[in-house]
>>> print(open('work_38.tsv').read())   # TSV, C-alpha atoms
chain	number	residue	atom	x	y	z
T	1	MET	CA	-19.39	-3.32	-7.67
T	2	GLY	CA	-22.80	-3.86	-6.18
T	3	SER	CA	-23.78	-4.33	-2.57
T	4	TYR	CA	-25.56	-6.75	-0.30
T	5	SER	CA	-29.34	-6.40	-0.57
T	6	ALA	CA	-31.29	-6.24	2.70
T	7	GLY	CA	-33.61	-9.14	3.23
T	8	GLY	CA	-31.27	-11.68	1.66
T	9	GLN	CA	-34.09	-12.70	-0.71
T	10	GLY	CA	-32.91	-15.23	-3.25
T	11	PHE	CA	-29.55	-15.68	-1.51
T	12	ASP	CA	-28.19	-18.30	0.84
T	13	LEU	CA	-27.24	-16.23	3.88
T	14	SER	CA	-24.40	-18.57	4.84
T	15	SER	CA	-22.76	-18.04	1.43
T	16	THR	CA	-23.59	-14.34	1.60
T	17	PHE	CA	-21.90	-14.10	5.00
T	18	ARG	CA	-18.73	-15.75	3.71
T	19	ASN	CA	-18.65	-13.65	0.54
T	20	LEU	CA	-19.15	-10.52	2.63
T	21	CYS	CA	-16.11	-11.52	4.71
T	22	ARG	CA	-14.08	-11.60	1.47
T	23	SER	CA	-15.33	-8.26	0.15
T	24	SER	CA	-13.81	-5.57	2.35
T	25	PRO	CA	-10.88	-4.55	0.06
T	26	TRP	CA	-13.34	-3.54	-2.70
T	27	LYS	CA	-16.09	-1.90	-0.63
T	28	TRP	CA	-14.43	1.18	0.88
T	29	THR	CA	-11.38	3.43	0.71
T	30	SER	CA	-11.52	5.33	4.01
T	31	LEU	CA	-13.15	4.90	7.42
T	32	ARG	CA	-13.54	6.99	10.54
T	33	PHE	CA	-14.59	4.93	13.55
T	34	GLU	CA	-14.41	4.18	17.27
T	35	TYR	CA	-12.79	0.89	18.28
T	36	LEU	CA	-12.91	-0.93	21.61
T	37	GLU	CA	-11.32	-4.25	22.50
T	38	ARG	CA	-13.32	-6.42	24.88
T	39	PRO	CA	-13.21	-6.61	27.80
T	40	GLY	CA	-12.77	-2.86	28.07
T	41	THR	CA	-14.34	0.45	29.00
T	42	GLY	CA	-14.95	3.76	27.30
T	43	ALA	CA	-11.59	4.90	28.64
T	44	THR	CA	-9.80	2.26	26.53
T	45	MET	CA	-11.69	3.11	23.34
T	46	VAL	CA	-9.72	4.70	20.49
T	47	ARG	CA	-10.87	6.93	17.64
T	48	ALA	CA	-9.41	6.06	14.27
T	49	TRP	CA	-9.01	7.56	10.81
T	50	LEU	CA	-8.01	5.03	8.15
T	51	ARG	CA	-7.30	5.61	4.47
T	52	ARG	CA	-6.19	2.82	2.20
T	53	PRO	CA	-3.47	1.92	1.61
T	54	GLY	CA	-1.65	2.12	4.91
T	55	ALA	CA	-2.65	5.48	6.40
T	56	LEU	CA	-3.84	5.25	10.01
T	57	ARG	CA	-4.35	7.77	12.80
T	58	LEU	CA	-5.39	6.76	16.33
T	59	GLU	CA	-6.40	9.07	19.18
T	60	THR	CA	-7.70	8.64	22.70
T	61	PRO	CA	-11.27	9.84	23.42
T	62	ASP	CA	-9.85	13.15	24.69
T	63	GLY	CA	-7.83	13.74	21.51
T	64	GLN	CA	-4.35	12.55	22.54
T	65	LEU	CA	-2.43	11.18	19.55
T	66	LEU	CA	-1.47	7.51	19.91
T	67	HIS	CA	-0.26	6.59	16.45
T	68	SER	CA	-0.05	8.24	13.05
T	69	THR	CA	1.40	7.26	9.70
T	70	THR	CA	0.59	7.88	6.05
T	71	GLY	CA	2.27	4.72	4.78
T	72	ILE	CA	3.17	6.66	1.62
T	73	ASN	CA	6.93	6.90	2.21
T	74	ASP	CA	7.76	3.24	2.77
T	75	SER	CA	11.18	2.42	1.31
T	76	ARG	CA	11.26	0.17	-1.74
T	77	ASP	CA	14.84	0.06	-2.95
T	78	ASP	CA	16.18	-2.06	-5.82
T	79	LEU	CA	17.09	-4.97	-3.53
T	80	TYR	CA	13.59	-5.08	-2.05
T	81	LEU	CA	11.91	-4.94	-5.45
T	82	SER	CA	14.00	-7.77	-6.82
T	83	SER	CA	13.99	-9.98	-3.75
T	84	THR	CA	10.35	-11.11	-3.48
T	85	ARG	CA	7.54	-11.83	-5.88
T	86	ARG	CA	5.11	-10.15	-3.47
T	87	SER	CA	6.87	-6.86	-4.14
T	88	TRP	CA	5.24	-6.81	-7.57
T	89	LEU	CA	1.67	-7.52	-6.45
T	90	LEU	CA	-0.88	-4.78	-7.03
T	91	PRO	CA	-3.10	-3.36	-4.27
T	92	ALA	CA	-6.40	-5.23	-4.04
T	93	HIS	CA	-8.51	-2.35	-5.36
T	94	LEU	CA	-6.55	-2.42	-8.64
T	95	VAL	CA	-7.37	-6.06	-9.42
T	96	THR	CA	-10.77	-7.57	-10.11
T	97	PRO	CA	-12.25	-10.38	-8.01
T	98	VAL	CA	-15.01	-12.81	-8.99
T	99	TYR	CA	-18.35	-11.46	-7.76
T	100	ASP	CA	-21.54	-13.32	-6.89
T	101	ASP	CA	-25.01	-12.25	-8.04
T	102	ALA	CA	-25.31	-9.91	-5.03
T	103	GLY	CA	-22.12	-8.05	-5.92
T	104	LEU	CA	-20.07	-9.64	-3.15
T	105	VAL	CA	-16.68	-11.28	-3.63
T	106	ARG	CA	-16.84	-15.00	-4.28
T	107	ARG	CA	-13.16	-15.48	-5.17
T	108	ARG	CA	-10.30	-13.14	-4.26
T	109	PRO	CA	-7.40	-12.63	-6.70
T	110	GLU	CA	-3.76	-12.60	-5.75
T	111	ALA	CA	-2.97	-9.09	-4.54
T	112	ALA	CA	-1.06	-7.08	-1.95
T	113	TYR	CA	-3.48	-7.43	0.96
T	114	GLY	CA	-2.93	-6.09	4.45
T	115	GLU	CA	-4.45	-3.46	6.70
T	116	PRO	CA	-2.60	-1.12	9.08
T	117	SER	CA	-2.87	-1.95	12.76
T	118	PHE	CA	-1.61	-0.89	16.17
T	119	GLY	CA	-0.73	-2.92	19.27
T	120	ASN	CA	-1.83	-6.29	17.87
T	121	GLY	CA	-3.33	-7.80	14.73
T	122	ARG	CA	-6.97	-7.81	15.81
T	123	LEU	CA	-7.79	-4.44	14.25
T	124	ALA	CA	-6.30	-5.45	10.89
T	125	ALA	CA	-8.23	-8.74	10.99
T	126	ALA	CA	-11.48	-6.94	11.79
T	127	LEU	CA	-10.98	-4.52	8.87
T	128	ASP	CA	-10.60	-7.43	6.43
T	129	PRO	CA	-12.10	-10.56	8.05
T	130	VAL	CA	-11.21	-12.96	5.23
T	131	GLU	CA	-9.81	-15.41	7.82
T	132	LEU	CA	-13.43	-16.35	8.56
T	133	ALA	CA	-14.12	-17.39	4.96
T	134	GLY	CA	-10.92	-18.09	3.05
T	135	ASN	CA	-10.09	-16.62	-0.36
T	136	ALA	CA	-12.65	-18.74	-2.21
T	137	PRO	CA	-15.51	-21.20	-1.58
T	138	VAL	CA	-14.50	-24.74	-0.66
T	139	PRO	CA	-15.61	-27.70	-2.82
T	140	LEU	CA	-19.18	-28.80	-2.06
T	141	GLU	CA	-17.99	-32.31	-1.28
T	142	PHE	CA	-15.61	-31.02	1.42
T	143	PRO	CA	-17.66	-28.59	3.56
T	144	ASP	CA	-15.51	-29.35	6.61
T	145	THR	CA	-12.63	-27.47	4.97
T	146	ASN	CA	-14.37	-24.12	5.53
T	147	PRO	CA	-12.29	-22.11	8.04
T	148	VAL	CA	-15.29	-21.85	10.37
T	149	PHE	CA	-18.68	-23.51	10.74
T	150	LEU	CA	-21.50	-21.06	11.22
T	151	GLU	CA	-25.09	-20.99	12.35
T	152	GLU	CA	-27.69	-19.45	10.04
T	153	PRO	CA	-26.82	-15.73	9.84
T	154	ARG	CA	-29.44	-13.12	10.64
T	155	GLU	CA	-29.78	-9.44	9.88
T	156	VAL	CA	-29.27	-7.09	12.83
T	157	ASP	CA	-28.85	-3.39	13.45
T	158	HIS	CA	-25.38	-2.36	14.54
T	159	GLU	CA	-25.05	1.29	15.57
T	160	GLY	CA	-27.66	2.26	12.96
T	161	ARG	CA	-26.23	0.12	10.14
T	162	LEU	CA	-27.29	-3.21	8.67
T	163	ALA	CA	-25.06	-6.14	9.65
T	164	LEU	CA	-25.08	-9.93	9.40
T	165	GLU	CA	-24.64	-11.75	12.70
T	166	THR	CA	-23.90	-15.40	13.34
T	167	ILE	CA	-22.16	-17.74	15.77
T	168	VAL	CA	-19.05	-19.38	14.34
T	169	THR	CA	-17.00	-22.37	15.45
T	170	ARG	CA	-13.47	-23.04	14.26
T	171	SER	CA	-12.70	-25.91	11.92
T	172	ARG	CA	-9.34	-27.66	11.62
T	173	THR	CA	-8.44	-25.39	8.69
T	174	TYR	CA	-8.95	-22.07	10.48
T	175	VAL	CA	-5.78	-19.94	10.35
T	176	PRO	CA	-6.06	-16.50	12.00
T	177	SER	CA	-4.00	-13.66	10.57
T	178	ASP	CA	-2.73	-13.03	14.13
T	179	PRO	CA	-2.62	-16.28	16.16
T	180	ALA	CA	-2.52	-14.29	19.40
T	181	GLU	CA	-5.66	-12.30	18.51
T	182	PRO	CA	-8.01	-14.46	16.41
T	183	LEU	CA	-11.46	-13.27	15.41
T	184	ALA	CA	-12.84	-16.77	16.12
T	185	HIS	CA	-11.84	-18.11	19.53
T	186	THR	CA	-11.83	-21.71	20.74
T	187	GLY	CA	-15.45	-22.69	21.22
T	188	ARG	CA	-18.26	-20.47	19.92
T	189	THR	CA	-17.77	-16.84	18.88
T	190	LEU	CA	-20.46	-14.29	18.06
T	191	ILE	CA	-19.53	-12.37	14.89
T	192	ARG	CA	-21.08	-9.34	13.18
T	193	ILE	CA	-20.11	-8.20	9.67
T	194	ASP	CA	-21.20	-4.77	8.40
T	195	ALA	CA	-23.22	-5.24	5.20
T	196	GLY	CA	-21.97	-2.05	3.59
T	197	THR	CA	-18.21	-2.43	4.13
T	198	GLY	CA	-17.49	-6.10	4.88
T	199	VAL	CA	-15.76	-5.07	8.13
T	200	CYS	CA	-16.16	-7.21	11.26
T	201	VAL	CA	-17.80	-4.67	13.54
T	202	ALA	CA	-18.20	-6.94	16.57
T	203	SER	CA	-16.89	-10.21	17.97
T	204	GLN	CA	-17.35	-11.89	21.32
T	205	SER	CA	-16.11	-15.24	22.57
T	206	LEU	CA	-18.91	-17.20	24.22
T	207	ASP	CA	-17.05	-20.14	25.77
T	208	GLY	CA	-14.06	-21.16	27.85
T	209	ASP	CA	-11.26	-19.07	29.25
T	210	SER	CA	-11.63	-16.49	26.47
T	211	SER	CA	-15.33	-15.88	27.18
T	212	GLY	CA	-16.19	-12.21	26.73
T	213	LYS	CA	-13.09	-11.40	24.70
T	214	GLY	CA	-13.53	-9.63	21.37
T	215	HIS	CA	-14.07	-6.15	19.99
T	216	TRP	CA	-16.68	-3.50	19.11
T	217	LEU	CA	-16.42	-1.03	16.25
T	218	LYS	CA	-18.69	1.96	15.51
T	219	PHE	CA	-18.53	3.78	12.18
T	220	LEU	CA	-18.52	7.58	12.22
T	221	ALA	CA	-17.97	8.04	8.47
T	222	VAL	CA	-17.31	5.91	5.39
T	223	ASP	CA	-15.38	7.09	2.32
T	224	GLU	CA	-14.95	10.69	3.42
T	225	TYR	CA	-12.02	12.65	1.93
T	226	MET	CA	-8.85	12.59	4.05
T	227	LEU	CA	-5.72	14.66	3.44
T	228	ASP	CA	-2.19	13.33	4.02
T	229	ASP	CA	-1.75	15.97	6.71
T	230	LEU	CA	-4.30	14.20	8.90
T	231	PHE	CA	-1.92	11.26	9.32
T	232	LEU	CA	1.22	13.22	10.21
T	233	ALA	CA	2.25	13.70	13.83
T	234	GLU	CA	3.58	17.14	12.89
T	235	SER	CA	1.62	19.25	10.43
T	236	MET	CA	3.49	19.90	7.18
T	237	ASN	CA	1.13	22.64	6.03
T	238	LEU	CA	2.80	25.55	4.27
T	239	THR	CA	2.00	29.11	5.23
T	240	ASP	CA	-1.36	30.31	3.92
T	241	VAL	CA	-0.25	33.40	2.00
T	242	ARG	CA	-3.80	34.78	2.04
T	243	ARG	CA	-3.49	35.45	5.77
T	244	HIS	CA	-1.86	38.59	7.16
T	245	ILE	CA	1.66	37.86	8.43
T	246	PRO	CA	2.83	40.31	11.15
T	247	TRP	CA	6.46	41.44	10.98
T	248	ASP	CA	8.29	42.62	14.09
T	249	ILE	CA	10.65	45.33	12.81
T	250	GLY	CA	11.44	46.88	16.17
T	251	PRO	CA	10.94	50.49	17.35
T	252	ALA	CA	11.12	53.32	14.85
T	253	ALA	CA	14.53	55.07	14.73
>>> encode(input="work_38.tsv", output="structure tokens")
Amino acid sequence: MGSYSAGGQGFDLSSTFRNLCRSSPWKWTSLRFEYLERPGTGATMVRAWLRRPGALRLETPDGQLLHSTTGINDSRDDLYLSSTRRSWLLPAHLVTPVYDDAGLVRRRPEAAYGEPSFGNGRLAAALDPVELAGNAPVPLEFPDTNPVFLEEPREVDHEGRLALETIVTRSRTYVPSDPAEPLAHTGRTLIRIDAGTGVCVASQSLDGDSSGKGHWLKFLAVDEYMLDDLFLAESMNLTDVRRHIPWDIGPAA
């Protein structure tokens, strides 16, 4: 699938930034990370395990389980399957987008998009920040129809990983996936997109009543193997027959 090349040589970084915002569904399958909503403290940080599609586990810093689901047992009865066209859409990783020369997504196909979340929609929006770019480039003659206007992006280090950072401003066409928790706030918003995954790893409102609001995300692992059991509140492991099983048979007669 290709990946963003450090240095941005030969590429327009504004287009690269937008294409990176469209690329998340095709750049990773599982993530382990720490997530903090701003304003906040280390006490409000959560640790997360996420495996596409739909498996999410959240814990407090001291290991207390907050939320866990595999997403593999969702009901899809005959009525559901026949009632909506969306029911028949394939997951994004099973359909092919249009890539640019850097291997980033220029145009997204119709697919069953959507990331698991908890509490509000900000986490899901950060995991797939397409709301900052739209599904495809806008016509050159109508640049004001981009969802956001952005300053020239620059490469930065984010928790040891390459990211693209810029300041965005909403346009009239910006539609957040969660209106109550947009990635781009009214006024200017600082945005960072991880170059390797297309995830929005940081956002911070710079103006107005929302100043300081946003999020911070730190990757602990990308594409590591995760068992279903990790996402269950109660372990469903069967007995390991290789281990000695003691039997209480009472006192000898």
>>> residues_around(input="work_38.tsv", residues="T:Leu56", least_positions_apart="2", cutoff="7 Å", atoms="all atoms listed in the file", output="VMD selection string")
chain T and resid 49 to 51 54 58 68 to 70 116 231
>>> atom_distance(input="work_38.tsv", atom1="atom CA of T:Tyr225", atom2="atom CA of T:Ala112")
22.9 Å
>>> residues_around(input="work_38.tsv", residues="stretch 31-47 of chain T", least_positions_apart="5", cutoff="10 Å", atoms="all atoms listed in the file", output="PyMOL selection string")
chain T and resi 52+56-66+122-123+127+197+201-205+211-226
>>> atom_distance(input="work_38.tsv", atom1="atom CA of T:Arg188", atom2="atom CA of T:Pro143")
18.3 Å
>>> residues_near_point(input="work_38.tsv", point="(-23.9, -15.3, 10.3)", cutoff="9 Å", atoms="only C-alpha atoms", output="ChimeraX atom specification")
/T:13-14,16-18,150-155,164-168,190-193
>>> closest_residue(input="work_38.tsv", among="T:Gly103, T:Pro53, T:Pro91, T:Gly160", to="T:Lys27", atoms="all atoms listed in the file")
T:Gly103
>>> atom_distance(input="work_38.tsv", atom1="atom CA of T:Ser210", atom2="atom CA of T:Asp128")
22.0 Å
